[in-house]
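Student: I'd like to ask you about the structure that follows.
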Amino acid sequence: MTVKNIPGITRPVQAPEHDPSTLSNYHHFEMIDTDLNFDVDFDSQCITGDICLHVKVTRDCSAIVLDTSYLTIHDVKVNGTSKSFTLKERVPALGSALEIPCDCSIDLELSISIRFETTSQCTAIQYLDKDATDGKKFPYMFSQSEPIHSRSFFPCFDTPALKSPYKMSITSAFNSVMSGRPVSVTKYGDKSTYKYNQPVPIPSYLVAIASGDFEKLPVGPRSHVYCEPTNLKQCQREFDQDVEKFIKAAEEIVFQYEWDQYDILILPKAFPYGGMEIPNITFATPTIVTGDKSNIDVVAHELAHSWAGNLVTNCSWEHFWLNEGWCVYLERKILGKVHGPAFRDFCAIIGWYDMAKSIKAMGDNQDRFSSLYHDLKDGCDPDEAFSVVPYEKGSTLLYYLETLLTPEKFDPFIPYYFNKFKYRSLDSYQFLDTVYEYFSDDHELLDTVDWNTWIFQPGMPPIKPDFDTSLVNQVYELSDKWYNAITKKEDCHQFSAEDIKGFNANQSVVFLETLIAFNKNQGFDWTNQLPVLNVLDEIYGPTFGASANAEVLSRWYLLHVGGNNMKYFDILGNWLGSVGRMKFVRPGYVTLNKCDHDRAVAFFRKFESGYHPICQQMVKKDLGLD
Ligand code: BES
Ligand code: ZN
């Protein structure tokens with residue numbers, strides 16, 4: 001086998017390398033299958049459950065060690081016999097190891113059965129009061145486990161390195177979905193049990209539940225959208241036809257969609273991410289439903305995870321870019337097929353500037369996580385490492401390899417890679433070995449790639465690919481005109497609403513980003529440009545300020561608040577009470593905080609309880625409240 005050594009980098013002793021973000025001794029076991037049952041009680045906001053992990057011992061040991069975090073453990077049985085257990089002292093971020101002394105000799109098969117209960121400190125689940133839902137009639141709950149929150153939801157080997165097929169169920173008073181294929185629904189009094197099956201082996205972070213007053217409608221031959229009844233029809237209109245287009249395009253790029261159904265659940269606004277790639281049913285923020293399909297590209301991303309992440313998985317959060325970088329790369333290939341190649345590059349350009357902004361914001365001393373590979377060996381919380389870097393640097397590396405080797409040669413590598421690693425988890429070294437193995441005639445060319453800098457060094461990538469700029473040129477022309485007018489102190493009333501009339505949502509985003517980025521130019525500072533901000537407001541405010549697209553609206557607000565335009569402080573503050581997606585919530589508070597700390601804190605305190613626990617934790621850090 002080809003093994004690529006990277007100058008300056010010492011290879012780990014095992015492949016894939018050990019996951020430092022789990023306290024479990026997973027490397028002694030192989031998963032056979034898992035039975036997992038939850039019973040949701042909305043009154044106590046607790047879940048009681050039982051799990052049976054069916055494992056095979058691969059290396060001798062004298063205890064089974066699992067991950068838990070703020071869980072109550074009722075009892076443990078191994079192969080039907082009750083076992084004593086200890087919950088170890090809590091380790092910050094990683095939780096409390098559950099140690100079950102047990103003679104585990106190689107090749108032994110064990111059934112580890114545990115009855116457990118979640119507590120009010122559970123970080124994976126959010127309960128929503130009926131007022132926080134659209135219908136305002138019934139409560140709602142959902143889980144969000146990536147990266148390491150499954151352990152606060154059920155005891156497990158909480159590592160993406162281990163995968164298992166699942167038989168699961170949820171018992172709840174409301175309609176419920178899980179990360180698998182629906183099997184049956186049985187009514188028991190005022191609750192029902194919803195059974196699901198996931199025959200494809202999946203890691204713990206992909207196990208998910210949601211329960212609430214939602215219904216479904218078809219949006220394609222193998223797809224449904226689920227949503228509260230109030231918005232269901234609108235959701236159907238938003239996704240109808242397009243989901244299948246995305247799936248077909250993805251199948252042409254990689255290979256057949258192996259999961260059977262592909263559904264989408266539109267959650268209440270508190271959902272902290274744009275989307276989450278739950279197998280068979282993507283969980284998504286309602287901000288992607290805009291009425292004009294301008295934000296449904298998030299679906300292409302989550303769908304692409306069906307291959308990148310869900311079939312082929314990062315072995316630990318240190319190699320997160322293998323999930324997200326590959327996923328963004330596939331997402332943009334899908335969008336290129338659907339909307340044309342210029343659109344693919346347009347998205348890549350937006351991504352490049354997002355990355356530049358994010359790396360700049362990290363500053364030179366905090367750029368630990370601006371490298372593709374994230375060193376988490378000190379037990380650091382993987383949520384802390386999260387940024388757009390693994391998405392954008394990762395997809396740029398793949399794009400660069402595609403252009404270096406030519407698309408004709410790179411395209412067939414895609415199915416090769418996904419086929420080689422499907423149902424498995426890998427690290428960056430194995431990725432590299434596979435590139436060298438597949439392109440065996442091109443080693444000289446591959447050796448020109450500065451792998452060390454790309455994968456292990458902080459900062460922007462060593463090379464910027466030549467993107468097709470046709471769709472951004474029009475936008476840059478307008479922003480250049482503004483820059484000249486401002487710096488030459490010309491009257492800005494020469495501009496008009498006509499300038500942006502033909503812009504689609506993505507072009508509006510790039511335009512606003514470019515305006516915000518004027519700050520990067522020597523001597524330019526929006527905080528000295530209040531009269532210009534007022535003219536911008538007068539001319540474009542009726543368009544941008546009325547946008548139904550949160551991507552546009554958030555940037556419009558950030559431009560003004562970032563420029564210290566006080567008129568927008570409360571507008572942004574109040575808007576932050578209407579979204580829960582961290583992508584908007586965090587920069588919103590950070591920007592407001594720079595101008596007016598007390599006001600940022602006051603708004604946060606007002607809306608705090610409506611945010612997801614992870615979001616609350618992150619904003620507290622951002623505002624210096626932790
Ligand atoms: N898997 C991620 C969401 C995630 C990452 C949750 C890390 C928790 C920890 C999901 O696929 C994602 O990337 N969502 C993006 C959407 C986008 C890139 C189109 C988001 O939420 O913004
Ligand atoms: Zn993703």
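Within each chain, counting starts at residue 1; across the structure tokens, chains are named A, B, ... in the order shown, with ligands numbered 1 upward in that order.
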Grab me every residue within 10 Å of ligand 1, counting only C-alpha atoms and all ligand atoms, and send it over as a count of residues only.

Tutor: 59

Student: Just list as a VMD selection string whatever in segment 436-506 of chain A DSSP marks as helix (DSSP H, G or I).

Tutor: chain A and resid 436 to 438 440 to 446 451 to 456 470 to 487 492 to 494 497 to 500 505 to 506

Student: With the cut-off set at 12 Å and counting only C-alpha atoms, tabulate each residue of segment 219-321 of chain A with an atom at most that distance from an atom of segment 397-413 of chain A, showing the nearest atom pair and its distance in Å to one decimal, ordered by chain and increasing number, as CSV.

Tutor:
residue,atom,partner,partner_atom,distance
A:Glu252,CA,A:Asp411,CA,10.3
A:Ile253,CA,A:Asp411,CA,7.5
A:Val254,CA,A:Pro412,CA,8.5
A:Phe255,CA,A:Pro412,CA,10.6
A:Trp321,CA,A:Leu397,CA,10.3

Student: Compare A:Leu530, A:Thr469, A:Gln236, A:Glu228 by their minimum atom-to-atom distance to Arg344 of chain A, counting only C-alpha atoms, and give me the closest one.

Tutor: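 Distance minimum relative to Arg344 of chain A lands on A:Thr469.
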
Student: Which is closest to Cys380 of chain A among A:Arg368, A:Leu322, A:Leu108, A:Gly336, if we use only C-alpha atoms?

Tutor: A:Arg368

Student: Which is closer to Lys83 of chain A than all the others in A:Gln474, A:Asn175, A:Ser113, A:Ser96, using only C-alpha atoms?

Tutor: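 The closest residue to Lys83 of chain A is A:Ser113.
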
Student: Please provide the set of residues having any atom within 9 Å of Gly220 of chain A, restricted to only C-alpha atoms, with same-chain residues fewer than 6 positions apart removed, written as a list of chain:residue names.

Tutor: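 The neighbour list is A:Phe239, A:Asp240, A:Gln241, A:Asp242, A:Val243, A:Glu244.
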
Student: Identify, on the basis of only C-alpha atoms, every residue whose closest approach to Ser62 of chain A does not exceed 9 Å; exclude the query and any residue fewer than 5 positions from it along the same chain; express the result as a VMD selection string.

Tutor: chain A and resid 100 to 105

Student: Suppose we keep all heavy atoms; can you now write the selection as a CSV table (one decimal), in the first residue's frame?

Tutor:
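Written output follows (selection01.csv):
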chain,number,residue,atom,x,y,z
A,100,ILE,N,-17.9,-0.2,33.5
A,100,ILE,CA,-18.6,-1.5,33.9
A,100,ILE,C,-17.5,-2.6,33.9
A,100,ILE,O,-17.1,-3.0,32.8
A,100,ILE,CB,-19.6,-1.8,32.8
A,100,ILE,CG1,-20.6,-0.6,32.6
A,100,ILE,CG2,-20.4,-3.1,33.2
A,100,ILE,CD1,-21.3,-0.6,31.3
A,101,PRO,N,-17.0,-2.9,35.1
A,101,PRO,CA,-16.0,-4.0,35.2
A,101,PRO,C,-16.6,-5.3,34.5
A,101,PRO,O,-17.7,-5.6,34.8
A,101,PRO,CB,-15.8,-4.2,36.7
A,101,PRO,CG,-16.3,-2.9,37.3
A,101,PRO,CD,-17.4,-2.4,36.4
A,102,CYS,N,-15.8,-5.9,33.7
A,102,CYS,CA,-16.3,-7.0,32.9
A,102,CYS,C,-15.1,-7.7,32.2
A,102,CYS,O,-14.2,-7.0,31.7
A,102,CYS,CB,-17.3,-6.5,31.9
A,102,CYS,SG,-18.0,-7.8,30.8
A,103,ASP,N,-15.1,-9.0,32.3
A,103,ASP,CA,-14.1,-9.8,31.6
A,103,ASP,C,-14.3,-9.8,30.1
A,103,ASP,O,-15.2,-10.5,29.6
A,103,ASP,CB,-14.1,-11.2,32.1
A,103,ASP,CG,-12.8,-11.6,32.6
A,103,ASP,OD1,-11.8,-11.0,32.2
A,103,ASP,OD2,-12.7,-12.6,33.4
A,104,CYS,N,-13.6,-9.0,29.4
A,104,CYS,CA,-13.8,-8.9,28.0
A,104,CYS,C,-12.6,-9.6,27.3
A,104,CYS,O,-11.5,-9.0,27.2
A,104,CYS,CB,-13.9,-7.5,27.5
A,104,CYS,SG,-15.2,-6.6,28.4
A,105,SER,N,-12.8,-10.8,26.8
A,105,SER,CA,-11.7,-11.4,26.1
A,105,SER,C,-12.0,-11.4,24.6
A,105,SER,O,-13.2,-11.5,24.2
A,105,SER,CB,-11.4,-12.9,26.6
A,105,SER,OG,-12.3,-13.3,27.5

Student: Which neighbours of Thr290 of chain A fall inside 12 Å, counting only C-alpha atoms, when residues of the same chain fewer than 3 positions from it are skipped, and could you give them as a PyMOL selection string?

Tutor: chain A and resi 231+234-239+285-287+293-297+505+547-553

Student: Calculate how many Å separate atom CA of Glu109 of chain A from atom CA of Tyr423 of chain A, rounding to one decimal.

Tutor: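 Separation of atom CA of Glu109 of chain A and atom CA of Tyr423 of chain A: 20.6 Å.
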
Student: So, counting only C-alpha atoms and all ligand atoms, which residue among A:Asn521, A:Ser496, A:Ser395, A:Thr58 is closest to ligand 2?

Tutor: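 Once distances to ligand 2 are computed over only C-alpha atoms and all ligand atoms, the minimum belongs to A:Ser395.
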
Student: Nearest to ligand 2 among A:Gln522, A:Gly394, A:Ser479, A:Ile500, with distances taken over only C-alpha atoms and all ligand atoms: which residue is it?

Tutor: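 Selected residue with least distance to ligand 2: A:Gly394.
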
Student: Excluding His597 of chain A and residues on its chain fewer than 5 positions from it, collect all residues at most 9 Å away from it, counting only C-alpha atoms, and give them as a PyMOL selection string.

Tutor: chain A and resi 592+602+623

Student: Just to be explicit: take each residue in the selection above, keep C-alpha atoms, and write the result as a PDB file, in the first residue's frame.

Tutor:
ATOM      1  CA  LEU A 592     -23.871  44.460  18.687  1.00  0.00           C
ATOM      2  CA  ALA A 602     -29.966  42.861  27.578  1.00  0.00           C
ATOM      3  CA  LEU A 623     -20.328  38.142  25.275  1.00  0.00           C
TER       4      LEU A 623
END

Student: So what do you get for atom CA of Cys52 of chain A versus atom CA of Phe157 of chain A, distance-wise?

Tutor: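 Rounded to one decimal, the two atoms are 12.1 Å apart.
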
Student: Could you list, as an MDAnalysis selection string, every residue within 9 Å of segment 576-579 of chain A, counting only C-alpha atoms and ignoring same-chain residues fewer than 4 positions away?

Tutor: chainID A and resid 269:272 286:287 550 571:572 584:585 588:589 603:604 606:608 610:611

Student: As an exercise, work out the distance from atom CA of Tyr373 of chain A to atom CA of Val3 of chain A in Å and give it to one decimal place.

Tutor: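 Interatomic distance, atom CA of Tyr373 of chain A to atom CA of Val3 of chain A: 18.3 Å.
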
Student: Would you please work out which residue, of A:Asn473, A:Thr396, A:Thr448, A:Ser306, is nearest to ligand 2 when using only C-alpha atoms and all ligand atoms?

Tutor: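 Of the candidates, the smallest distance to ligand 2 is held by A:Ser306.
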
Student: Enumerate, as a ChimeraX atom specification, the complete set of residues in segment 60-279 of chain A that a backbone-based DSSP assignment places in strand (DSSP E).

Tutor: /A:61-68,71-78,81-83,86-87,96-104,109-118,125-128,140-143,164-172,175-178,181-188,191-202,209-212,215-220,223-227,263-266,275-276

Student: Go ahead and save the residues from that selection, with C-alpha atoms, as a compact mmCIF listing (two decimals), in the first residue's frame.

Tutor:
# COMPACT_ATOMS: atom_id res chain seq x y z
CA CYS A 61 -9.82 -5.59 28.53
CA SER A 62 -11.25 -5.79 32.04
CA ALA A 63 -13.97 -3.16 31.75
CA ILE A 64 -16.40 -1.65 29.30
CA VAL A 65 -16.10 2.15 29.39
CA LEU A 66 -18.86 4.22 27.79
CA ASP A 67 -19.49 7.96 27.42
CA THR A 68 -22.19 9.73 29.39
CA LEU A 71 -27.15 11.14 32.49
CA THR A 72 -28.71 9.09 35.27
CA ILE A 73 -27.90 5.39 34.95
CA HIS A 74 -30.46 3.05 36.52
CA ASP A 75 -28.99 -0.36 35.86
CA VAL A 76 -26.60 -2.29 33.69
CA LYS A 77 -26.69 -5.88 32.49
CA VAL A 78 -24.14 -7.71 30.41
CA THR A 81 -26.51 -10.57 34.22
CA SER A 82 -26.72 -7.45 36.42
CA LYS A 83 -23.42 -5.62 36.70
CA THR A 86 -19.27 3.54 38.38
CA LEU A 87 -19.87 6.95 36.93
CA SER A 96 -18.45 11.26 32.88
CA ALA A 97 -17.12 7.87 31.87
CA LEU A 98 -19.38 4.95 32.75
CA GLU A 99 -17.17 2.08 33.84
CA ILE A 100 -18.56 -1.45 33.86
CA PRO A 101 -16.02 -3.99 35.18
CA CYS A 102 -16.30 -7.04 32.93
CA ASP A 103 -14.06 -9.76 31.62
CA CYS A 104 -13.78 -8.93 27.97
CA GLU A 109 -19.82 -11.23 21.91
CA LEU A 110 -21.49 -9.10 24.57
CA SER A 111 -24.94 -7.56 24.94
CA ILE A 112 -24.62 -4.48 27.12
CA SER A 113 -28.09 -3.38 28.31
CA ILE A 114 -28.51 -0.11 30.16
CA ARG A 115 -31.56 1.71 31.50
CA PHE A 116 -31.01 5.44 31.73
CA GLU A 117 -32.68 8.81 32.08
CA THR A 118 -31.75 12.26 30.83
CA ILE A 125 -32.15 18.03 23.55
CA GLN A 126 -34.17 21.17 23.33
CA TYR A 127 -37.73 21.31 24.61
CA LEU A 128 -39.89 24.08 23.28
CA TYR A 140 -42.03 20.30 20.72
CA MET A 141 -38.68 18.64 21.26
CA PHE A 142 -35.70 17.71 19.12
CA SER A 143 -32.17 16.43 19.50
CA SER A 164 -23.70 0.36 14.18
CA PRO A 165 -27.02 -0.47 12.55
CA TYR A 166 -29.93 0.48 14.83
CA LYS A 167 -33.37 -0.70 15.76
CA MET A 168 -34.93 2.26 17.52
CA SER A 169 -38.17 3.55 18.92
CA ILE A 170 -39.59 6.65 20.50
CA THR A 171 -42.72 6.71 22.64
CA SER A 172 -44.34 10.12 22.79
CA ASN A 175 -45.90 12.69 16.18
CA SER A 176 -42.26 11.60 16.15
CA VAL A 177 -39.43 10.92 13.73
CA MET A 178 -36.04 9.25 14.07
CA ARG A 181 -36.76 4.18 8.08
CA PRO A 182 -40.23 4.12 9.64
CA VAL A 183 -41.41 0.64 10.59
CA SER A 184 -44.63 0.96 12.59
CA VAL A 185 -46.72 3.14 14.90
CA THR A 186 -48.58 1.60 17.85
CA LYS A 187 -50.88 3.53 20.12
CA TYR A 188 -50.70 3.04 23.91
CA LYS A 191 -48.91 7.99 23.71
CA SER A 192 -47.72 6.12 20.64
CA THR A 193 -44.57 4.15 19.94
CA TYR A 194 -42.88 4.97 16.66
CA LYS A 195 -40.49 2.24 15.54
CA TYR A 196 -37.62 2.90 13.17
CA ASN A 197 -34.94 0.81 11.55
CA GLN A 198 -31.53 1.96 10.38
CA PRO A 199 -29.89 -0.93 8.53
CA VAL A 200 -26.90 1.15 7.40
CA PRO A 201 -24.26 1.36 10.17
CA ILE A 202 -24.16 4.89 11.59
CA ILE A 209 -35.31 12.23 17.47
CA ALA A 210 -37.90 14.96 17.08
CA SER A 211 -41.40 15.03 18.45
CA GLY A 212 -44.12 17.60 18.03
CA GLU A 215 -47.27 16.37 9.50
CA LYS A 216 -45.77 15.40 6.16
CA LEU A 217 -46.44 15.99 2.47
CA PRO A 218 -44.63 14.49 -0.53
CA VAL A 219 -42.03 16.62 -2.38
CA GLY A 220 -40.64 13.98 -4.73
CA SER A 223 -39.05 12.45 -0.39
CA HIS A 224 -41.39 14.18 2.04
CA VAL A 225 -41.25 17.40 3.93
CA TYR A 226 -42.37 17.39 7.58
CA CYS A 227 -43.44 20.60 9.27
CA ASP A 263 -37.05 13.43 3.83
CA ILE A 264 -36.70 16.90 5.35
CA LEU A 265 -38.00 18.05 8.73
CA ILE A 266 -38.44 21.81 9.05
CA GLY A 275 -29.34 21.91 8.62
CA MET A 276 -28.24 18.63 10.14
